$ cat final00.txt   # compact mmCIF, N, CA and C atoms
# COMPACT_ATOMS: atom_id res chain seq x y z
N MET A 1 11.79 -3.51 11.16
CA MET A 1 11.96 -4.76 10.49
C MET A 1 10.82 -4.94 9.48
N VAL A 2 11.17 -5.31 8.26
CA VAL A 2 10.19 -5.55 7.21
C VAL A 2 9.44 -6.84 7.52
N ILE A 3 8.10 -6.76 7.50
CA ILE A 3 7.29 -7.96 7.75
C ILE A 3 6.56 -8.43 6.51
N LEU A 4 6.53 -7.62 5.47
CA LEU A 4 5.84 -8.00 4.24
C LEU A 4 6.42 -7.25 3.07
N THR A 5 6.64 -7.95 1.99
CA THR A 5 6.98 -7.30 0.72
C THR A 5 6.00 -7.81 -0.32
N HIS A 6 5.66 -6.96 -1.25
CA HIS A 6 4.72 -7.29 -2.31
C HIS A 6 5.19 -6.53 -3.54
N THR A 7 5.27 -7.18 -4.67
CA THR A 7 5.76 -6.51 -5.87
C THR A 7 4.68 -6.43 -6.93
N LEU A 8 4.42 -5.23 -7.37
CA LEU A 8 3.55 -4.94 -8.51
C LEU A 8 4.46 -4.53 -9.66
N PHE A 9 3.87 -4.29 -10.81
CA PHE A 9 4.65 -3.86 -11.97
C PHE A 9 3.93 -2.75 -12.71
N VAL A 10 4.73 -1.90 -13.35
CA VAL A 10 4.22 -0.85 -14.24
C VAL A 10 4.66 -1.22 -15.65
N ARG A 11 3.67 -1.38 -16.54
CA ARG A 11 3.99 -1.68 -17.94
C ARG A 11 4.55 -0.43 -18.61
N GLY A 12 5.61 -0.63 -19.39
CA GLY A 12 6.20 0.49 -20.11
C GLY A 12 6.69 0.05 -21.48
N GLU A 13 7.00 1.02 -22.31
CA GLU A 13 7.47 0.72 -23.67
C GLU A 13 8.77 -0.07 -23.66
N SER A 14 9.62 0.16 -22.67
CA SER A 14 10.90 -0.55 -22.62
C SER A 14 10.87 -1.75 -21.67
N GLY A 15 9.66 -2.20 -21.30
CA GLY A 15 9.52 -3.35 -20.41
C GLY A 15 8.82 -2.97 -19.13
N ASP A 16 8.62 -3.96 -18.28
CA ASP A 16 7.92 -3.75 -17.03
C ASP A 16 8.89 -3.33 -15.92
N THR A 17 8.46 -2.36 -15.12
CA THR A 17 9.26 -1.86 -14.01
C THR A 17 8.64 -2.35 -12.70
N PRO A 18 9.42 -3.01 -11.83
CA PRO A 18 8.86 -3.46 -10.56
C PRO A 18 8.56 -2.29 -9.62
N VAL A 19 7.48 -2.45 -8.87
CA VAL A 19 7.08 -1.50 -7.83
C VAL A 19 7.02 -2.30 -6.54
N GLU A 20 8.08 -2.21 -5.73
CA GLU A 20 8.11 -2.99 -4.49
C GLU A 20 7.43 -2.21 -3.38
N ILE A 21 6.62 -2.94 -2.62
CA ILE A 21 5.92 -2.38 -1.46
C ILE A 21 6.44 -3.11 -0.23
N ARG A 22 6.79 -2.33 0.80
CA ARG A 22 7.28 -2.90 2.05
C ARG A 22 6.43 -2.38 3.21
N LEU A 23 6.00 -3.31 4.07
CA LEU A 23 5.35 -2.95 5.32
C LEU A 23 6.28 -3.35 6.45
N TYR A 24 6.41 -2.46 7.42
CA TYR A 24 7.31 -2.69 8.54
C TYR A 24 6.52 -3.07 9.79
N GLN A 25 7.19 -3.75 10.68
CA GLN A 25 6.58 -4.15 11.94
C GLN A 25 6.13 -2.91 12.71
N PRO A 26 4.89 -2.90 13.22
CA PRO A 26 4.45 -1.76 14.02
C PRO A 26 5.35 -1.56 15.24
N GLU A 27 5.55 -0.30 15.60
CA GLU A 27 6.39 0.04 16.74
C GLU A 27 5.61 0.89 17.73
N HIS A 28 5.83 0.61 19.01
CA HIS A 28 5.21 1.39 20.07
C HIS A 28 5.93 2.73 20.16
N LEU A 29 5.18 3.81 20.11
CA LEU A 29 5.76 5.15 20.11
C LEU A 29 5.27 5.94 21.32
N VAL A 30 6.18 6.63 21.96
CA VAL A 30 5.83 7.53 23.05
C VAL A 30 6.30 8.90 22.63
N GLU A 31 5.34 9.81 22.47
CA GLU A 31 5.65 11.17 22.01
C GLU A 31 5.07 12.17 23.00
N ASP A 32 5.34 13.44 22.77
CA ASP A 32 4.84 14.49 23.66
C ASP A 32 3.32 14.47 23.76
N ILE A 33 2.66 14.08 22.67
CA ILE A 33 1.19 14.10 22.66
C ILE A 33 0.59 12.80 23.19
N GLY A 34 1.42 11.82 23.53
CA GLY A 34 0.91 10.57 24.08
C GLY A 34 1.50 9.35 23.39
N GLU A 35 0.91 8.21 23.71
CA GLU A 35 1.38 6.94 23.16
C GLU A 35 0.54 6.53 21.96
N SER A 36 1.18 5.87 21.02
CA SER A 36 0.48 5.29 19.88
C SER A 36 1.37 4.20 19.30
N TRP A 37 0.87 3.57 18.27
CA TRP A 37 1.65 2.59 17.51
C TRP A 37 1.79 3.14 16.11
N GLY A 38 2.97 2.97 15.53
CA GLY A 38 3.22 3.44 14.17
C GLY A 38 3.64 2.29 13.28
N CYS A 39 3.12 2.28 12.06
CA CYS A 39 3.48 1.24 11.10
C CYS A 39 3.91 1.93 9.80
N ARG A 40 5.17 1.75 9.45
CA ARG A 40 5.72 2.40 8.26
C ARG A 40 5.50 1.53 7.03
N PHE A 41 5.24 2.19 5.92
CA PHE A 41 5.22 1.50 4.63
C PHE A 41 6.03 2.30 3.63
N GLU A 42 6.49 1.61 2.60
CA GLU A 42 7.22 2.25 1.50
C GLU A 42 6.72 1.66 0.19
N ILE A 43 6.55 2.51 -0.79
CA ILE A 43 6.21 2.09 -2.15
C ILE A 43 7.29 2.64 -3.07
N ASP A 44 8.01 1.76 -3.74
CA ASP A 44 9.06 2.17 -4.67
C ASP A 44 8.47 2.41 -6.06
N TRP A 45 7.91 3.60 -6.25
CA TRP A 45 7.39 3.97 -7.57
C TRP A 45 8.55 4.14 -8.53
N PRO A 46 8.31 4.07 -9.83
CA PRO A 46 9.41 4.23 -10.80
C PRO A 46 10.16 5.56 -10.65
N ASP A 47 9.48 6.62 -10.22
CA ASP A 47 10.11 7.93 -10.15
C ASP A 47 10.47 8.40 -8.75
N GLU A 48 9.98 7.71 -7.71
CA GLU A 48 10.27 8.09 -6.32
C GLU A 48 9.80 7.01 -5.36
N THR A 49 10.29 7.08 -4.13
CA THR A 49 9.81 6.18 -3.08
C THR A 49 8.91 6.96 -2.16
N LYS A 50 7.69 6.44 -1.96
CA LYS A 50 6.74 7.03 -1.02
C LYS A 50 6.89 6.29 0.30
N SER A 51 7.12 7.02 1.39
CA SER A 51 7.29 6.42 2.71
C SER A 51 6.45 7.20 3.71
N MET A 52 5.67 6.47 4.51
CA MET A 52 4.83 7.11 5.53
C MET A 52 4.76 6.22 6.75
N VAL A 53 4.50 6.83 7.91
CA VAL A 53 4.20 6.10 9.13
C VAL A 53 2.75 6.40 9.48
N ILE A 54 1.96 5.34 9.61
CA ILE A 54 0.54 5.46 9.93
C ILE A 54 0.36 5.05 11.39
N HIS A 55 -0.40 5.84 12.15
CA HIS A 55 -0.56 5.62 13.58
C HIS A 55 -1.90 4.98 13.91
N GLY A 56 -1.88 4.17 14.96
CA GLY A 56 -3.09 3.55 15.49
C GLY A 56 -3.01 3.45 16.99
N VAL A 57 -4.12 3.04 17.62
CA VAL A 57 -4.14 2.93 19.08
C VAL A 57 -3.43 1.67 19.55
N ASP A 58 -3.29 0.69 18.65
CA ASP A 58 -2.53 -0.51 18.96
C ASP A 58 -1.85 -1.00 17.69
N ALA A 59 -1.04 -2.06 17.81
CA ALA A 59 -0.25 -2.54 16.68
C ALA A 59 -1.13 -3.01 15.53
N LEU A 60 -2.22 -3.70 15.85
CA LEU A 60 -3.09 -4.23 14.80
C LEU A 60 -3.76 -3.10 14.03
N GLN A 61 -4.26 -2.10 14.72
CA GLN A 61 -4.90 -0.98 14.04
C GLN A 61 -3.88 -0.24 13.16
N ALA A 62 -2.69 -0.04 13.66
CA ALA A 62 -1.67 0.64 12.86
C ALA A 62 -1.34 -0.16 11.59
N LEU A 63 -1.25 -1.48 11.71
CA LEU A 63 -0.97 -2.33 10.56
C LEU A 63 -2.11 -2.29 9.54
N ILE A 64 -3.33 -2.43 10.00
CA ILE A 64 -4.49 -2.41 9.09
C ILE A 64 -4.60 -1.06 8.39
N LEU A 65 -4.45 0.02 9.14
CA LEU A 65 -4.54 1.36 8.54
C LEU A 65 -3.40 1.60 7.55
N SER A 66 -2.23 1.07 7.85
CA SER A 66 -1.10 1.19 6.93
C SER A 66 -1.40 0.46 5.62
N MET A 67 -1.95 -0.75 5.72
CA MET A 67 -2.31 -1.51 4.52
C MET A 67 -3.36 -0.76 3.69
N MET A 68 -4.33 -0.14 4.38
CA MET A 68 -5.34 0.63 3.66
C MET A 68 -4.73 1.86 2.98
N CYS A 69 -3.78 2.47 3.65
CA CYS A 69 -3.12 3.64 3.07
C CYS A 69 -2.33 3.25 1.82
N VAL A 70 -1.69 2.09 1.84
CA VAL A 70 -1.01 1.59 0.64
C VAL A 70 -2.03 1.44 -0.47
N GLY A 71 -3.17 0.79 -0.17
CA GLY A 71 -4.22 0.62 -1.17
C GLY A 71 -4.69 1.93 -1.75
N VAL A 72 -4.86 2.93 -0.91
CA VAL A 72 -5.28 4.25 -1.39
C VAL A 72 -4.24 4.82 -2.35
N HIS A 73 -2.98 4.75 -1.97
CA HIS A 73 -1.92 5.29 -2.84
C HIS A 73 -1.88 4.55 -4.18
N LEU A 74 -2.09 3.24 -4.17
CA LEU A 74 -2.09 2.48 -5.42
C LEU A 74 -3.25 2.90 -6.30
N TYR A 75 -4.46 2.96 -5.74
CA TYR A 75 -5.65 3.22 -6.53
C TYR A 75 -5.82 4.66 -6.98
N VAL A 76 -5.16 5.60 -6.32
CA VAL A 76 -5.26 6.99 -6.78
C VAL A 76 -4.02 7.41 -7.57
N SER A 77 -3.14 6.45 -7.85
CA SER A 77 -1.91 6.78 -8.58
C SER A 77 -2.18 7.00 -10.06
N GLU A 78 -1.29 7.74 -10.70
CA GLU A 78 -1.38 7.94 -12.15
C GLU A 78 -1.21 6.62 -12.89
N TYR A 79 -0.48 5.69 -12.30
CA TYR A 79 -0.25 4.39 -12.93
C TYR A 79 -1.54 3.57 -12.99
N HIS A 80 -2.34 3.66 -11.93
CA HIS A 80 -3.65 2.99 -11.95
C HIS A 80 -4.56 3.69 -12.97
N ASP A 81 -4.59 5.02 -12.91
CA ASP A 81 -5.42 5.79 -13.85
C ASP A 81 -5.08 5.48 -15.29
N ASP A 82 -3.79 5.31 -15.57
CA ASP A 82 -3.34 5.01 -16.94
C ASP A 82 -3.50 3.53 -17.31
N GLY A 83 -3.87 2.69 -16.33
CA GLY A 83 -4.07 1.27 -16.60
C GLY A 83 -2.79 0.48 -16.80
N VAL A 84 -1.66 0.99 -16.29
CA VAL A 84 -0.38 0.30 -16.49
C VAL A 84 0.14 -0.40 -15.23
N LEU A 85 -0.53 -0.22 -14.10
CA LEU A 85 -0.12 -0.88 -12.86
C LEU A 85 -0.81 -2.23 -12.80
N TYR A 86 -0.05 -3.29 -12.47
CA TYR A 86 -0.67 -4.61 -12.37
C TYR A 86 0.09 -5.51 -11.42
N ALA A 87 -0.62 -6.55 -10.95
CA ALA A 87 -0.03 -7.58 -10.09
C ALA A 87 -0.17 -8.91 -10.82
N PRO A 88 0.93 -9.53 -11.20
CA PRO A 88 0.85 -10.81 -11.91
C PRO A 88 0.09 -11.86 -11.11
N GLY A 89 -0.80 -12.57 -11.79
CA GLY A 89 -1.52 -13.66 -11.16
C GLY A 89 -2.62 -13.26 -10.20
N ARG A 90 -2.99 -11.99 -10.15
CA ARG A 90 -4.02 -11.54 -9.20
C ARG A 90 -5.37 -11.37 -9.88
N GLU A 91 -5.48 -11.68 -11.16
CA GLU A 91 -6.74 -11.49 -11.89
C GLU A 91 -7.24 -10.06 -11.73
N GLY A 92 -6.35 -9.13 -11.85
CA GLY A 92 -6.69 -7.72 -11.62
C GLY A 92 -6.59 -7.42 -10.13
N GLY A 93 -6.49 -6.17 -9.79
CA GLY A 93 -6.37 -5.78 -8.39
C GLY A 93 -4.93 -5.86 -7.92
N TYR A 94 -4.71 -5.33 -6.72
CA TYR A 94 -3.35 -5.20 -6.20
C TYR A 94 -3.13 -5.91 -4.88
N GLY A 95 -4.20 -6.40 -4.25
CA GLY A 95 -4.05 -7.14 -3.01
C GLY A 95 -4.07 -6.32 -1.74
N PHE A 96 -4.53 -5.06 -1.82
CA PHE A 96 -4.60 -4.21 -0.63
C PHE A 96 -6.00 -3.61 -0.50
N PRO A 97 -6.49 -3.51 0.73
CA PRO A 97 -7.80 -2.87 0.94
C PRO A 97 -7.69 -1.36 0.77
N VAL A 98 -8.83 -0.71 0.65
CA VAL A 98 -8.88 0.74 0.57
C VAL A 98 -9.92 1.25 1.57
N THR A 99 -9.96 2.54 1.76
CA THR A 99 -10.98 3.14 2.60
C THR A 99 -12.34 3.02 1.90
N PRO A 100 -13.43 3.02 2.67
CA PRO A 100 -14.76 2.83 2.07
C PRO A 100 -15.10 3.80 0.94
N ASN A 101 -14.64 5.03 1.02
CA ASN A 101 -14.98 6.03 0.00
C ASN A 101 -14.29 5.79 -1.34
N LEU A 102 -13.36 4.84 -1.41
CA LEU A 102 -12.66 4.55 -2.67
C LEU A 102 -12.98 3.16 -3.23
N ARG A 103 -13.92 2.47 -2.63
CA ARG A 103 -14.20 1.10 -3.07
C ARG A 103 -14.71 1.03 -4.50
N ASP A 104 -15.25 2.11 -5.00
CA ASP A 104 -15.71 2.11 -6.41
C ASP A 104 -14.53 2.05 -7.39
N LEU A 105 -13.31 2.30 -6.92
CA LEU A 105 -12.12 2.23 -7.78
C LEU A 105 -11.54 0.82 -7.87
N LEU A 106 -11.96 -0.08 -6.99
CA LEU A 106 -11.37 -1.43 -6.95
C LEU A 106 -11.59 -2.16 -8.27
N VAL A 107 -10.59 -2.96 -8.64
CA VAL A 107 -10.66 -3.74 -9.86
C VAL A 107 -10.36 -5.21 -9.56
N GLY A 108 -10.74 -6.08 -10.47
CA GLY A 108 -10.40 -7.49 -10.37
C GLY A 108 -10.85 -8.13 -9.08
N ARG A 109 -10.01 -9.01 -8.54
CA ARG A 109 -10.31 -9.74 -7.31
C ARG A 109 -10.48 -8.81 -6.10
N ASP A 110 -9.86 -7.66 -6.14
CA ASP A 110 -10.00 -6.72 -5.03
C ASP A 110 -11.47 -6.36 -4.81
N LYS A 111 -12.28 -6.28 -5.89
CA LYS A 111 -13.71 -5.96 -5.75
C LYS A 111 -14.41 -6.99 -4.89
N GLU A 112 -14.03 -8.25 -5.02
CA GLU A 112 -14.66 -9.32 -4.25
C GLU A 112 -14.13 -9.39 -2.82
N LEU A 113 -12.86 -9.08 -2.65
CA LEU A 113 -12.21 -9.27 -1.35
C LEU A 113 -12.35 -8.08 -0.41
N PHE A 114 -12.39 -6.87 -0.97
CA PHE A 114 -12.35 -5.69 -0.12
C PHE A 114 -13.57 -4.81 -0.31
$ encode --input "final00.txt" --output "structure tokens"
Amino acid sequence: MVILTHTLFVRGESGDTPVEIRLYQPEHLVEDIGESWGCRFEIDWPDETKSMVIHGVDALQALILSMMCVGVHLYVSEYHDDGVLYAPGREGGYGFPVTPNLRDLLVGRDKELF
């Protein structure tokens, strides 16, 4: 079940293209290697959809790590590098945290918040 959607945009010559991000409710997983919680996210890039399940020891950790993984994908994307990815009304930034080693890439309000 989707618990959060967030829409960013990519500026282009023919107009702006929406980039929808979806976070799903963490699920308890029992696998051969043991128990964990998984939280799936999807990013609808203009050319493909990125989908991953991030694991944690509990639902909260899986959710937080999933949000950080979204932030990493946003900040290391070609769209960020090209300066065409944006979130309307966010004064810069995308609204997702990143791992500590990427904090130097943060822009706008994200620098203050994360």
$ residues_around --input "final00.txt" --residues "range 5-22 of chain A" --least-positions-apart "3" --cutoff "6.5 Å" --atoms "only N, CA and C atoms" --output "list in words"
Val2, Arg40, Phe41, Glu42, Ile43, Asp44, Trp45, Pro46, Val84, Leu85, Tyr86, Ala87 and Pro88 of chain A
$ select_by_dssp --input "final00.txt" --residues "chain A" --states "alpha helix (DSSP H)" --output "list in words"
Ala59, Leu60, Gln61, Ala62, Leu63, Ile64, Leu65, Ser66, Met67, Met68, Cys69, Val70, Gly71, Val72, His73, Leu74, Tyr75, Glu78, Tyr79, His80, Asp81, Arg109, Asp110, Lys111, Glu112 and Leu113 of chain A
$ select_by_dssp --input "final00.txt" --residues "chain A" --states "strand (DSSP E or B)" --output "number ranges by chain"
A: 2-10, 17-24, 27-31, 34-44, 49-56, 85-86
$ atom_distance --input "final00.txt" --atom1 "atom N of Leu63 in chain A" --atom2 "atom N of Gly95 in chain A"
17.0 Å
$ atom_distance --input "final00.txt" --atom1 "CA of Ile64 in chain A" --atom2 "CA of Ser36 in chain A"
14.2 Å
$ residues_near_point --input "final00.txt" --point "(-12.9, -2.8, 6.1)" --cutoff "7 Å" --atoms "all atoms listed in the file" --output "list in words"
Val98, Pro100 and Phe114 of chain A
$ atom_distance --input "final00.txt" --atom1 "atom N of Asn101 in chain A" --atom2 "CA of Cys69 in chain A"
11.8 Å
